[in-house]
Amino acid sequence: MSDIGREPDMPPLALRDFTVVTSLGAGRAATAAALREGCSGLRPCTFDAVPFASYVGEIAGLDAAPLEGHVAGFDCRNHRLAALALGQDGFADSVAAARERYGAERIGVFLGTSTSGLLQTELAYRRRDAQTGALPADFDYARTHNSYSLARFVRAALHLAGPAFVVSTACAATAKVFGSAARMIAAGLCDAAVVGGADTLCATTLYGFHSLGVMSDEPCRPFDVERRGISIGEAAGFVLLERPADRAGEDTVLLLGVGESTDAYHMSSPHPDGVGARLAMERALEAAGLRAADIDYINLHGTATPIGDAAEDRAVADVFGARTPCSSTKGFAGHALGASGVVEAAFCALGILHGFMPGSPHTRTVDPGFRSGYVREGGPARVDRVLSNSFGFGGANCTVALGRGS
Amino acid sequence: MIRVSIEGVGLCGPGLDGWAASLPVLSGMAEHVPTPVRVPPSALLPPNERRRAVQTVQLTLAVGAEAFAAAGRDAGETATIFTSSGGDGETIHEILSVLASSNRELSPTRFHNSVHNTPAGYWGIATESRAPSSSLCCHDDSFAAGLLEATAQATTERRAVALIAYDVQYPSPLSAVRPIGASFAVALVLAPVPTAAAIAGVAMTLRPKSDAASVVVGPTLEALRGTTPAARSLPLLAALARRTTASVTLDYLGDLELALDVTPPAGVAASVGRSEPVAG
């Protein structure tokens, strides 16, 4: 990484509006309050009667909130959660205003998810016909299970008619959609874009991460010397991106750059030297035209697995030394899997707007072997430029750079 | 309008055993016989990994390797876009069956193979590529969505991008709710400007739906296009095989379409195949 500042490779985009829901609460105000106060939404898992001890960030009330009206056919837990997010913080109104400005066909929908409505298929497999093995007649593959169903639902719910697709790169999915949207807008294929996504609890991920031996039996403790694995959380977040006004003010958060890389190492284990993670951060800085010293805070992927945290610490320390404050927010609401990218981008945007740096609930003693500038206790701070890391299975890495307008 | 250059193609489907072997069928000079899909063993994986690899990985490695060999590009330095209408149904079915049983212990390998970007992960490992890679899903329109993302990336980031689109059949009972005609995969190496390797230029426009989607000549190929989302690429592949100027329309999201104007590289005589558009 050169120490000489340079022109950004990517023209900045404005986060015209954003919204987020996790087990910390629904909407920006509740989320910001919980992040500042160091609350955690992680509770012992009672979902689907899993027989092993774990903690999850579950969102209350989804079972009693079926979808209605013209989107009723999309009804499943993942789309109920997406609908909850779309209906808060005035987000749908902001999209409607953008629709007036640009036209519905000029607004793209680029969303990410890891498991989409897979829970719906899990439930359908428990109701297979005893004789034929057939799935129940009410199971709607295209509108619940299929990964694209999330973008199809959001496009229908927001009455948009522009280009759309779903990115599904495991836990890097809703970080990568920022890059997709930036390319689509730069290529002139749309003028604005709704990005983000949702992931909900399901048996596949609970039992799957358990099979890999990485589910913690206590609330996850990122970067702790005694970290024992992840806690899964369900979450949704959406961002409306568009070109910024000529002079984006201090209260505008900008997307400055996106850096993507592949580990080329292993399907479910990160490269131990953090090679891919380092490349993603360096490419995000390059796209944003920033140097390492320009970054005020790094939101880490930090899922609290022994190997993953060690690899990321190494990558961060190699690029930033110990001077840049960094923390993982997984202890607040768990690992939102495919939704973690947009959720943590929203956490960072709240930190920029409200002047705070989130800490790391449940982390007691930072691993003494680590070299990065890990922040266990959050607090008030002026935060102007941040990076947010998201890394997934298949060695899919993505770093998003956000900053304050000036 | 977005312009890209196509440098290499890889293909695997029923009666379509690689790009070079499929040219007579795709250019209309030989009859298509939909023989069972034969996936050539990939030299990119060590033998033990090759045996264990799931079908989506075998398919995508095969077409990717073929396209890169034709393009003469280093796969280790080239960004990739993978796109599939639904990924690996066999792995999902196995997981769902276990979860619906009384013993819900999953195989860790099966679990990490269940993600939509499994082929991209193995591709990165096999080609030692640390280049950016994304994995898309857009149900029936996954090929069009992948083409949109790949061409946007090639032009805005001024870099070569490989698009790898694939589908495999789902096992029962998922096959009843999501029938897929056949296993099919296609790879296109795209570049922002023409090079010596260029086999065609493509000018792409995203616009509101106005035309019918292009069809492909021959009942078995057209049936494949109609039943297999990744095979919606066939009208474009036929245009490339004919090495003539052609207009191709791809459906996208019901209310949109991608209009592709395909032109042979300068200096290539349009002497192979016929000169009319592939379809209307």
# chains A, B, ... in the order shown; residues from 1 in each chain; ligands from 1
>>> residues_around(residues="Ile59 (chain A)", least_positions_apart="3", cutoff="10 Å", atoms="only C-alpha atoms", output="list in words")
Val21, Thr22, Ser23, Leu24, Gly25, Ala26, Gly41, Val56, Leu62, Asp63, Leu81, Thr200, Leu201, Gly233, Glu234, Ala235 and Ala333 of chain A
>>> closest_atom_pairs(of="chain A", to="chain B", cutoff="8 Å", atoms="only C-alpha atoms", output="JSON lines")
{"residue": "A:Ser114", "atom": "CA", "partner": "B:Val115", "partner_atom": "CA", "distance": 7.1}
{"residue": "A:Thr121", "atom": "CA", "partner": "B:Leu96", "partner_atom": "CA", "distance": 7.6}
{"residue": "A:Glu122", "atom": "CA", "partner": "B:Leu96", "partner_atom": "CA", "distance": 5.8}
{"residue": "A:Tyr125", "atom": "CA", "partner": "B:Ala100", "partner_atom": "CA", "distance": 6.0}
{"residue": "A:Arg126", "atom": "CA", "partner": "B:Ala100", "partner_atom": "CA", "distance": 5.2}
{"residue": "A:Gly133", "atom": "CA", "partner": "B:Pro173", "partner_atom": "CA", "distance": 6.6}
{"residue": "A:Ala134", "atom": "CA", "partner": "B:Pro173", "partner_atom": "CA", "distance": 5.4}
{"residue": "A:Leu135", "atom": "CA", "partner": "B:Pro173", "partner_atom": "CA", "distance": 6.3}
{"residue": "A:Asp140", "atom": "CA", "partner": "B:Val177", "partner_atom": "CA", "distance": 7.8}
{"residue": "A:Tyr141", "atom": "CA", "partner": "B:Val177", "partner_atom": "CA", "distance": 6.4}
{"residue": "A:Ala142", "atom": "CA", "partner": "B:His139", "partner_atom": "CA", "distance": 7.4}
{"residue": "A:Asn146", "atom": "CA", "partner": "B:Gly86", "partner_atom": "CA", "distance": 6.4}
{"residue": "A:Ser147", "atom": "CA", "partner": "B:Cys137", "partner_atom": "CA", "distance": 6.2}
{"residue": "A:Tyr148", "atom": "CA", "partner": "B:Cys138", "partner_atom": "CA", "distance": 4.9}
{"residue": "A:Ser149", "atom": "CA", "partner": "B:His139", "partner_atom": "CA", "distance": 7.9}
{"residue": "A:Ala161", "atom": "CA", "partner": "B:Asp255", "partner_atom": "CA", "distance": 7.3}
{"residue": "A:Gly162", "atom": "CA", "partner": "B:Leu256", "partner_atom": "CA", "distance": 7.9}
{"residue": "A:Pro163", "atom": "CA", "partner": "B:Leu253", "partner_atom": "CA", "distance": 7.9}
{"residue": "A:Ala164", "atom": "CA", "partner": "B:Ala145", "partner_atom": "CA", "distance": 7.4}
{"residue": "A:Phe165", "atom": "CA", "partner": "B:Cys138", "partner_atom": "CA", "distance": 5.2}
{"residue": "A:Val166", "atom": "CA", "partner": "B:Cys137", "partner_atom": "CA", "distance": 5.3}
{"residue": "A:Val167", "atom": "CA", "partner": "B:Leu136", "partner_atom": "CA", "distance": 4.5}
{"residue": "A:Ser168", "atom": "CA", "partner": "B:Ser135", "partner_atom": "CA", "distance": 5.7}
{"residue": "A:Thr169", "atom": "CA", "partner": "B:Asn117", "partner_atom": "CA", "distance": 5.2}
{"residue": "A:Ala170", "atom": "CA", "partner": "B:Val115", "partner_atom": "CA", "distance": 6.1}
{"residue": "A:Lys176", "atom": "CA", "partner": "B:Ser134", "partner_atom": "CA", "distance": 7.5}
{"residue": "A:Ser180", "atom": "CA", "partner": "B:Glu149", "partner_atom": "CA", "distance": 7.0}
{"residue": "A:Arg183", "atom": "CA", "partner": "B:Ala152", "partner_atom": "CA", "distance": 5.9}
{"residue": "A:Met184", "atom": "CA", "partner": "B:Ala152", "partner_atom": "CA", "distance": 6.1}
{"residue": "A:Ala186", "atom": "CA", "partner": "B:Thr156", "partner_atom": "CA", "distance": 6.5}
{"residue": "A:Ala187", "atom": "CA", "partner": "B:Ala152", "partner_atom": "CA", "distance": 5.8}
{"residue": "A:Leu189", "atom": "CA", "partner": "B:Leu206", "partner_atom": "CA", "distance": 7.0}
{"residue": "A:Ala203", "atom": "CA", "partner": "B:Leu99", "partner_atom": "CA", "distance": 7.2}
{"residue": "A:Thr204", "atom": "CA", "partner": "B:Ile95", "partner_atom": "CA", "distance": 7.2}
{"residue": "A:Tyr207", "atom": "CA", "partner": "B:Leu106", "partner_atom": "CA", "distance": 6.5}
{"residue": "A:Gly208", "atom": "CA", "partner": "B:Phe111", "partner_atom": "CA", "distance": 5.5}
{"residue": "A:Phe209", "atom": "CA", "partner": "B:Pro108", "partner_atom": "CA", "distance": 7.8}
{"residue": "A:Ser211", "atom": "CA", "partner": "B:Pro108", "partner_atom": "CA", "distance": 5.2}
{"residue": "A:Leu212", "atom": "CA", "partner": "B:Pro108", "partner_atom": "CA", "distance": 5.3}
{"residue": "A:Glu260", "atom": "CA", "partner": "B:Pro132", "partner_atom": "CA", "distance": 4.9}
{"residue": "A:Ser261", "atom": "CA", "partner": "B:Pro132", "partner_atom": "CA", "distance": 4.4}
{"residue": "A:Thr262", "atom": "CA", "partner": "B:Arg130", "partner_atom": "CA", "distance": 4.3}
{"residue": "A:Asp263", "atom": "CA", "partner": "B:Arg130", "partner_atom": "CA", "distance": 5.8}
{"residue": "A:Ala264", "atom": "CA", "partner": "B:Ile125", "partner_atom": "CA", "distance": 4.0}
{"residue": "A:Tyr265", "atom": "CA", "partner": "B:Ile125", "partner_atom": "CA", "distance": 5.5}
{"residue": "A:His266", "atom": "CA", "partner": "B:Ile125", "partner_atom": "CA", "distance": 6.9}
{"residue": "A:Met267", "atom": "CA", "partner": "B:Gly121", "partner_atom": "CA", "distance": 6.0}
{"residue": "A:Ser268", "atom": "CA", "partner": "B:His112", "partner_atom": "CA", "distance": 6.2}
{"residue": "A:Gly276", "atom": "CA", "partner": "B:Arg130", "partner_atom": "CA", "distance": 6.9}
{"residue": "A:Phe393", "atom": "CA", "partner": "B:His112", "partner_atom": "CA", "distance": 7.0}
{"residue": "A:Gly394", "atom": "CA", "partner": "B:Gly121", "partner_atom": "CA", "distance": 3.8}
{"residue": "A:Gly395", "atom": "CA", "partner": "B:Gly121", "partner_atom": "CA", "distance": 6.1}
{"residue": "A:Ala396", "atom": "CA", "partner": "B:Ser133", "partner_atom": "CA", "distance": 7.3}
>>> atom_distance(atom1="CA of Val217 (chain B)", atom2="CA of Val161 (chain B)")
28.8 Å
>>> select_by_dssp(residues="region 65-198 of chain A", states="helix (DSSP H, G or I)", output="PyMOL selection string")
chain A and resi 69-74+77-86+91-102+104-106+118-125+141-145+149-157+170-186
>>> write_last_selection(atoms="C-alpha atoms", output="mmCIF file, in the first residue's frame")
data_model
loop_
_atom_site.group_PDB
_atom_site.id
_atom_site.type_symbol
_atom_site.label_atom_id
_atom_site.label_comp_id
_atom_site.auth_asym_id
_atom_site.auth_seq_id
_atom_site.Cartn_x
_atom_site.Cartn_y
_atom_site.Cartn_z
ATOM 1 C CA GLY A 69 -51.724 -7.567 0.137
ATOM 2 C CA HIS A 70 -49.937 -7.812 -3.205
ATOM 3 C CA VAL A 71 -46.862 -9.423 -1.594
ATOM 4 C CA ALA A 72 -48.736 -12.072 0.443
ATOM 5 C CA GLY A 73 -47.403 -14.840 -1.820
ATOM 6 C CA PHE A 74 -43.860 -14.086 -0.644
ATOM 7 C CA ARG A 77 -39.688 -15.577 7.864
ATOM 8 C CA ASN A 78 -36.951 -13.965 5.742
ATOM 9 C CA HIS A 79 -39.352 -11.730 3.845
ATOM 10 C CA ARG A 80 -41.260 -10.841 7.020
ATOM 11 C CA LEU A 81 -37.965 -9.599 8.418
ATOM 12 C CA ALA A 82 -37.196 -7.709 5.205
ATOM 13 C CA ALA A 83 -40.693 -6.163 5.331
ATOM 14 C CA LEU A 84 -40.130 -5.090 8.940
ATOM 15 C CA ALA A 85 -36.974 -3.234 7.860
ATOM 16 C CA LEU A 86 -38.591 -1.642 4.796
ATOM 17 C CA PHE A 91 -37.162 4.144 4.352
ATOM 18 C CA ALA A 92 -40.004 3.270 1.986
ATOM 19 C CA ASP A 93 -40.895 6.994 1.789
ATOM 20 C CA SER A 94 -37.328 7.824 0.785
ATOM 21 C CA VAL A 95 -37.490 5.185 -1.934
ATOM 22 C CA ALA A 96 -40.852 6.547 -3.097
ATOM 23 C CA ALA A 97 -39.325 10.024 -3.369
ATOM 24 C CA ALA A 98 -36.426 8.608 -5.375
ATOM 25 C CA ARG A 99 -38.956 6.863 -7.597
ATOM 26 C CA GLU A 100 -40.504 10.265 -8.277
ATOM 27 C CA ARG A 101 -37.097 11.782 -9.081
ATOM 28 C CA TYR A 102 -35.679 9.043 -11.294
ATOM 29 C CA ALA A 104 -39.130 3.243 -11.114
ATOM 30 C CA GLU A 105 -37.143 1.671 -13.963
ATOM 31 C CA ARG A 106 -34.027 3.701 -13.062
ATOM 32 C CA LEU A 118 -34.600 -21.833 3.238
ATOM 33 C CA LEU A 119 -36.466 -22.210 6.547
ATOM 34 C CA GLN A 120 -39.662 -22.479 4.497
ATOM 35 C CA THR A 121 -38.228 -25.506 2.666
ATOM 36 C CA GLU A 122 -37.018 -27.039 5.933
ATOM 37 C CA LEU A 123 -40.599 -26.832 7.221
ATOM 38 C CA ALA A 124 -41.961 -28.210 3.928
ATOM 39 C CA TYR A 125 -39.618 -31.239 4.164
ATOM 40 C CA TYR A 141 -40.181 -22.413 -4.271
ATOM 41 C CA ALA A 142 -39.766 -19.336 -6.472
ATOM 42 C CA ARG A 143 -41.114 -16.816 -3.965
ATOM 43 C CA THR A 144 -39.547 -18.174 -0.741
ATOM 44 C CA HIS A 145 -36.669 -20.645 -1.194
ATOM 45 C CA SER A 149 -36.950 -14.207 -4.118
ATOM 46 C CA LEU A 150 -35.622 -11.570 -1.679
ATOM 47 C CA ALA A 151 -34.909 -9.034 -4.433
ATOM 48 C CA ARG A 152 -38.120 -9.976 -6.236
ATOM 49 C CA PHE A 153 -40.057 -9.324 -3.019
ATOM 50 C CA VAL A 154 -38.343 -5.997 -2.295
ATOM 51 C CA ARG A 155 -38.732 -4.871 -5.922
ATOM 52 C CA ALA A 156 -42.464 -5.634 -5.689
ATOM 53 C CA ALA A 157 -42.897 -4.150 -2.196
ATOM 54 C CA ALA A 170 -22.158 -16.495 2.091
ATOM 55 C CA CYS A 171 -21.219 -13.970 4.798
ATOM 56 C CA ALA A 172 -19.800 -11.396 2.351
ATOM 57 C CA ALA A 173 -23.035 -11.055 0.358
ATOM 58 C CA THR A 174 -24.459 -7.737 1.601
ATOM 59 C CA ALA A 175 -21.041 -6.097 1.497
ATOM 60 C CA LYS A 176 -20.524 -7.078 -2.135
ATOM 61 C CA VAL A 177 -23.855 -5.569 -3.186
ATOM 62 C CA PHE A 178 -22.407 -2.106 -2.487
ATOM 63 C CA GLY A 179 -19.849 -2.835 -5.206
ATOM 64 C CA SER A 180 -22.493 -4.168 -7.603
ATOM 65 C CA ALA A 181 -24.620 -1.045 -7.144
ATOM 66 C CA ALA A 182 -21.641 1.267 -7.630
ATOM 67 C CA ARG A 183 -20.778 -0.475 -10.908
ATOM 68 C CA MET A 184 -24.382 -0.427 -12.146
ATOM 69 C CA ILE A 185 -24.738 3.289 -11.441
ATOM 70 C CA ALA A 186 -21.301 4.066 -12.947
#
>>> atom_distance(atom1="CA of Ile230 (chain A)", atom2="CA of Gly378 (chain A)")
20.7 Å
>>> atom_distance(atom1="CA of Val189 (chain B)", atom2="CA of Gly8 (chain B)")
5.1 Å
>>> residues_around(residues="Leu16 (chain B)", least_positions_apart="5", cutoff="10 Å", atoms="only C-alpha atoms", output="list in words")
Leu11, Ala21, Ser22, Leu23, Val25, Leu26, His32, Val33, Pro34, Thr35, Pro36, Val37, Arg38, Phe184, Ala185 and Leu221 of chain B
>>> residues_around(residues="Arg28 (chain A)", least_positions_apart="6", cutoff="10 Å", atoms="only C-alpha atoms", output="list in words")
Phe18, Thr19, Val20, Val21, Ala34, Gln88, Asp89, Ala346, Phe347, Ala349 and Leu350 of chain A
>>> residues_around(residues="Ala69 (chain B)", least_positions_apart="2", cutoff="12 Å", atoms="only C-alpha atoms", output="CSV table (one decimal) with C-alpha atoms, in the first residue's frame")
chain,number,residue,atom,x,y,z
B,7,GLU,CA,-12.4,-13.6,-26.0
B,8,GLY,CA,-13.2,-17.2,-25.1
B,9,VAL,CA,-16.2,-19.5,-24.6
B,10,GLY,CA,-16.6,-22.7,-22.6
B,19,TRP,CA,-17.3,-25.0,-27.4
B,20,ALA,CA,-15.2,-26.2,-30.4
B,62,ALA,CA,-14.7,-27.5,-17.0
B,63,VAL,CA,-16.3,-24.6,-18.9
B,64,GLY,CA,-14.1,-22.0,-17.1
B,65,ALA,CA,-10.9,-23.8,-18.1
B,66,GLU,CA,-12.0,-24.1,-21.7
B,67,ALA,CA,-12.9,-20.4,-22.0
B,71,ALA,CA,-8.9,-16.5,-24.4
B,72,GLY,CA,-5.2,-17.0,-23.5
B,73,ARG,CA,-5.7,-15.2,-20.2
B,74,ASP,CA,-4.4,-16.0,-16.8
B,75,ALA,CA,-7.4,-17.2,-14.7
B,187,ALA,CA,-18.3,-19.5,-19.6
B,188,LEU,CA,-17.5,-16.3,-21.4
B,189,VAL,CA,-14.3,-14.4,-21.0
B,197,ALA,CA,-8.2,-13.0,-29.0
>>> residues_around(residues="Arg283 (chain A)", least_positions_apart="3", cutoff="9 Å", atoms="only C-alpha atoms", output="VMD selection string")
chain A and resid 257 to 261 278 to 280 286 to 288 399
>>> write_last_selection(atoms="C-alpha atoms", output="JSON list (two decimals), in the first residue's frame")
[["chain", "number", "residue", "atom", "x", "y", "z"],
["A", 257, "GLY", "CA", -15.01, 2.49, -2.02],
["A", 258, "VAL", "CA", -15.39, -1.28, -2.06],
["A", 259, "GLY", "CA", -12.57, -3.84, -2.07],
["A", 260, "GLU", "CA", -13.14, -7.47, -3.03],
["A", 261, "SER", "CA", -10.82, -10.47, -2.98],
["A", 278, "ARG", "CA", -5.59, -7.82, 3.67],
["A", 279, "LEU", "CA", -6.17, -7.59, -0.10],
["A", 280, "ALA", "CA", -9.83, -6.64, 0.44],
["A", 286, "GLU", "CA", -7.34, 2.14, -3.26],
["A", 287, "ALA", "CA", -10.89, 2.44, -4.62],
["A", 288, "ALA", "CA", -11.58, 5.25, -2.12],
["A", 399, "THR", "CA", -14.37, -4.44, 2.61]]
>>> residues_around(residues="Leu234 (chain B)", least_positions_apart="6", cutoff="9 Å", atoms="only C-alpha atoms", output="list in words")
Leu26, Val215, Val216, Leu221, Glu222, Leu224 and Arg225 of chain B
>>> closest_residue(among="B:Leu61, B:Ala213, B:Ala200, B:Ala53", to="Thr91 (chain B)", atoms="only C-alpha atoms")
B:Ala53
>>> closest_residue(among="B:Gly15, B:Pro264, B:Pro41, B:Pro47", to="Pro194 (chain B)", atoms="only C-alpha atoms")
B:Pro264
>>> decode(residues="region 91-108 of chain B", atoms="N, CA and C atoms", output="short mmCIF file (atom, residue, chain, number, x, y, z; two decimals), in the first residue's frame")
data_model
loop_
_atom_site.label_atom_id
_atom_site.label_comp_id
_atom_site.auth_asym_id
_atom_site.auth_seq_id
_atom_site.Cartn_x
_atom_site.Cartn_y
_atom_site.Cartn_z
N THR B 91 -27.09 -31.11 -2.92
CA THR B 91 -26.56 -30.85 -1.57
C THR B 91 -27.67 -30.31 -0.66
N ILE B 92 -28.47 -29.40 -1.17
CA ILE B 92 -29.57 -28.84 -0.37
C ILE B 92 -30.56 -29.95 0.01
N HIS B 93 -30.86 -30.82 -0.95
CA HIS B 93 -31.79 -31.92 -0.68
C HIS B 93 -31.25 -32.84 0.42
N GLU B 94 -29.97 -33.16 0.36
CA GLU B 94 -29.38 -34.03 1.38
C GLU B 94 -29.49 -33.38 2.76
N ILE B 95 -29.18 -32.08 2.84
CA ILE B 95 -29.25 -31.37 4.12
C ILE B 95 -30.70 -31.33 4.63
N LEU B 96 -31.63 -31.00 3.76
CA LEU B 96 -33.03 -30.88 4.18
C LEU B 96 -33.57 -32.24 4.62
N SER B 97 -33.14 -33.31 3.97
CA SER B 97 -33.60 -34.65 4.35
C SER B 97 -33.09 -35.01 5.74
N VAL B 98 -31.83 -34.69 6.01
CA VAL B 98 -31.27 -34.98 7.35
C VAL B 98 -32.01 -34.14 8.40
N LEU B 99 -32.24 -32.88 8.11
CA LEU B 99 -32.88 -32.00 9.09
C LEU B 99 -34.34 -32.40 9.36
N ALA B 100 -34.96 -33.09 8.41
CA ALA B 100 -36.34 -33.54 8.60
C ALA B 100 -36.40 -34.91 9.26
N SER B 101 -35.23 -35.51 9.53
CA SER B 101 -35.19 -36.85 10.12
C SER B 101 -35.01 -36.73 11.64
N SER B 102 -34.94 -37.88 12.31
CA SER B 102 -34.80 -37.84 13.77
C SER B 102 -33.35 -37.58 14.19
N ASN B 103 -32.39 -37.88 13.33
CA ASN B 103 -30.98 -37.59 13.63
C ASN B 103 -30.53 -36.43 12.76
N ARG B 104 -30.45 -35.24 13.36
CA ARG B 104 -30.24 -34.04 12.58
C ARG B 104 -28.77 -33.62 12.51
N GLU B 105 -27.86 -34.57 12.59
CA GLU B 105 -26.43 -34.24 12.51
C GLU B 105 -26.01 -34.05 11.06
N LEU B 106 -25.53 -32.86 10.72
CA LEU B 106 -25.13 -32.57 9.34
C LEU B 106 -23.66 -32.90 9.12
N SER B 107 -23.33 -33.20 7.88
CA SER B 107 -21.93 -33.35 7.48
C SER B 107 -21.34 -31.96 7.30
N PRO B 108 -20.20 -31.68 7.95
CA PRO B 108 -19.61 -30.33 7.80
C PRO B 108 -19.23 -30.02 6.35
#
